[in-house]
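Participant: Here it is, the structure, as structure tokens.
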Amino acid sequence: MPRLSRVAVLLLAVPLALGACKKKPVAVEPEPQLPAQPVTPPQQPVDDEAARRAEEERMRRAIEMARSALLQVIYYDYDSDELRSDARATLDDKLRVLNANPSLRIRIEGHCDERGTDQYNLALGRRRADQAKRYLTDRGIDASRIETTSFGRERPAVTGSNEEAWAQNRRGEFQIVAGGTELRAP
């Protein structure tokens with residue numbers, strides 16, 4: 001019997017020993033999840049010279065647009081010095097540039113078509129220039145910054161004796177008298 005009990009003990013001890021050798025699973029706590037970070041592309045080194053050139057080009061274009069707005073022609077209806085709606089919109093663009101450039105001075109030149117006498121057309125051209133000036137001064141531009149003159153029918157924009165030519169000659173032109181070299185964009 002002793003031999004049997006040794007075999008029985010051995011049979012019982014081996015599984016127990018093997019069970020004790022087994023590693024028990026360790027409970028692992030999940031790692032906290034961080035919010036997803038947006039993926040950003042690697043930063044390119046800033047090329048200071050390219051950025052400076054791009055800024056200079058942007059400013060040059062803005063100044064050219066301001067100059068273009070200042071020189072934009074306005075048109076009048078036949079035998080009229082009243083500002084049309086398109087002329088008022090053009091003058092509003094000029095206002096922004098004039099407000100941004102307090103040292104800027106301009107001249108408004110009134111023009112007429114070929115119909116009417118010289119005397120009549122000179123007076124009408126003067127009224128046209130004065131009407132545009134009044135529009136600007138009524139909106140805050142100092143009158144001393146704006147000169148007016150009339151050329152009547154002396155300087156047509158186009159030649160011709162038809163409505164198309166006459167419509168282009170009934171106009172107000174704008175010239176920069178002072179401050180144009182330091183022009184700033186609005």
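Scheme for the structure tokens: letters A, B, ... for chains in order shown; per-chain residue numbers from 1; ligand numbers from 1 in order shown.
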Could you build a table of the residues in segment 33-107 of chain A lying no more than 10 Å from segment 136-144 of chain A, giving for each the nearest pair of atoms and their separation in Å rounded to one decimal place, using only C-alpha atoms, ordered by chain and ascending residue number, as JSON lines?

Facilitator:
{"residue": "A:Arg88", "atom": "CA", "partner": "A:Leu136", "partner_atom": "CA", "distance": 9.6}
{"residue": "A:Leu91", "atom": "CA", "partner": "A:Leu136", "partner_atom": "CA", "distance": 7.2}
{"residue": "A:Asp92", "atom": "CA", "partner": "A:Leu136", "partner_atom": "CA", "distance": 8.1}
{"residue": "A:Lys94", "atom": "CA", "partner": "A:Leu136", "partner_atom": "CA", "distance": 8.4}
{"residue": "A:Leu95", "atom": "CA", "partner": "A:Leu136", "partner_atom": "CA", "distance": 6.7}
{"residue": "A:Leu98", "atom": "CA", "partner": "A:Ile141", "partner_atom": "CA", "distance": 7.4}
{"residue": "A:Asn99", "atom": "CA", "partner": "A:Ile141", "partner_atom": "CA", "distance": 7.3}
{"residue": "A:Pro102", "atom": "CA", "partner": "A:Ile141", "partner_atom": "CA", "distance": 8.8}
{"residue": "A:Arg105", "atom": "CA", "partner": "A:Ser144", "partner_atom": "CA", "distance": 8.1}
{"residue": "A:Ile106", "atom": "CA", "partner": "A:Ser144", "partner_atom": "CA", "distance": 9.6}

Participant: Do you know which residues are at most 9 Å from Leu122 of chain A counting only C-alpha atoms, after dropping those on the same chain fewer than 4 positions away, and could you put them as a list in words?

Facilitator: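 Contacts, in chain order: Gly110, His111, Cys112, Thr117, Asp118, Arg126, Arg127, Ser150, Phe151, Gly152, Arg153 and Glu154 of chain A.
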
Participant: Name the residues of segment 106-180 of chain A that come out as helix (DSSP H, G or I) in a backbone DSSP run; write them as a PyMOL selection string.

Facilitator: chain A and resi 118-137+143-145+163-169+180

Participant: How would the residues just chosen look if you wrote them out with C-alpha atoms as an mmCIF file, in the first residue's frame?

Facilitator:
data_model
loop_
_atom_site.group_PDB
_atom_site.id
_atom_site.type_symbol
_atom_site.label_atom_id
_atom_site.label_comp_id
_atom_site.auth_asym_id
_atom_site.auth_seq_id
_atom_site.Cartn_x
_atom_site.Cartn_y
_atom_site.Cartn_z
ATOM 1 C CA ASP A 118 -18.201 127.248 -76.146
ATOM 2 C CA GLN A 119 -19.460 129.533 -73.396
ATOM 3 C CA TYR A 120 -22.341 127.214 -72.506
ATOM 4 C CA ASN A 121 -20.112 124.120 -72.471
ATOM 5 C CA LEU A 122 -17.453 125.795 -70.301
ATOM 6 C CA ALA A 123 -20.155 126.706 -67.760
ATOM 7 C CA LEU A 124 -21.671 123.192 -67.891
ATOM 8 C CA GLY A 125 -18.236 121.586 -67.463
ATOM 9 C CA ARG A 126 -17.614 123.826 -64.437
ATOM 10 C CA ARG A 127 -20.958 122.824 -62.889
ATOM 11 C CA ARG A 128 -20.158 119.161 -63.472
ATOM 12 C CA ALA A 129 -16.763 119.441 -61.751
ATOM 13 C CA ASP A 130 -18.274 121.479 -58.905
ATOM 14 C CA GLN A 131 -21.042 118.907 -58.403
ATOM 15 C CA ALA A 132 -18.483 116.104 -58.020
ATOM 16 C CA LYS A 133 -16.463 118.262 -55.605
ATOM 17 C CA ARG A 134 -19.583 119.028 -53.577
ATOM 18 C CA TYR A 135 -20.339 115.308 -53.299
ATOM 19 C CA LEU A 136 -16.875 114.684 -51.836
ATOM 20 C CA THR A 137 -16.850 117.695 -49.506
ATOM 21 C CA ALA A 143 -12.550 121.573 -49.995
ATOM 22 C CA SER A 144 -8.975 122.892 -50.087
ATOM 23 C CA ARG A 145 -7.842 119.454 -51.259
ATOM 24 C CA GLU A 163 -24.562 109.561 -79.244
ATOM 25 C CA GLU A 164 -21.858 106.998 -78.500
ATOM 26 C CA ALA A 165 -19.086 109.589 -78.852
ATOM 27 C CA TRP A 166 -21.067 112.306 -77.067
ATOM 28 C CA ALA A 167 -21.778 110.000 -74.093
ATOM 29 C CA GLN A 168 -18.045 109.353 -73.624
ATOM 30 C CA ASN A 169 -17.241 113.069 -73.821
ATOM 31 C CA GLY A 180 0.469 110.799 -55.199
#

Participant: Report as a list in words all protein, DNA and RNA residues lying within 12 Å of Asp86 of chain A, evaluated on only C-alpha atoms, omitting residues in the same chain fewer than 5 positions from it.

Facilitator: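 Those residues are Gln72, Val73, Ile74, Tyr75, Tyr76, Asp77, Leu91, Asp92 and Asp93 of chain A.
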
Participant: Just the selected residues (C-alpha atoms), exported as a PDB file, in the first residue's frame, please.

Facilitator:
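Result file follows (result.pdb):
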ATOM      1  CA  GLN A  72     -11.636 106.670 -62.611  1.00  0.00           C
ATOM      2  CA  VAL A  73     -13.765 108.851 -64.910  1.00  0.00           C
ATOM      3  CA  ILE A  74     -17.396 109.659 -64.133  1.00  0.00           C
ATOM      4  CA  TYR A  75     -20.046 110.325 -66.792  1.00  0.00           C
ATOM      5  CA  TYR A  76     -23.044 112.647 -67.050  1.00  0.00           C
ATOM      6  CA  ASP A  77     -26.288 112.612 -68.954  1.00  0.00           C
ATOM      7  CA  LEU A  91     -16.972 108.898 -56.052  1.00  0.00           C
ATOM      8  CA  ASP A  92     -17.518 106.670 -53.004  1.00  0.00           C
ATOM      9  CA  ASP A  93     -14.447 104.657 -54.063  1.00  0.00           C
TER      10      ASP A  93
END

Participant: Could you tell me which of A:Arg53, A:Arg58, A:Arg107, A:Arg155 comes closest to Leu71 of chain A if we count only C-alpha atoms?

Facilitator: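 That would be A:Arg107, the residue with the smallest distance to Leu71 of chain A.
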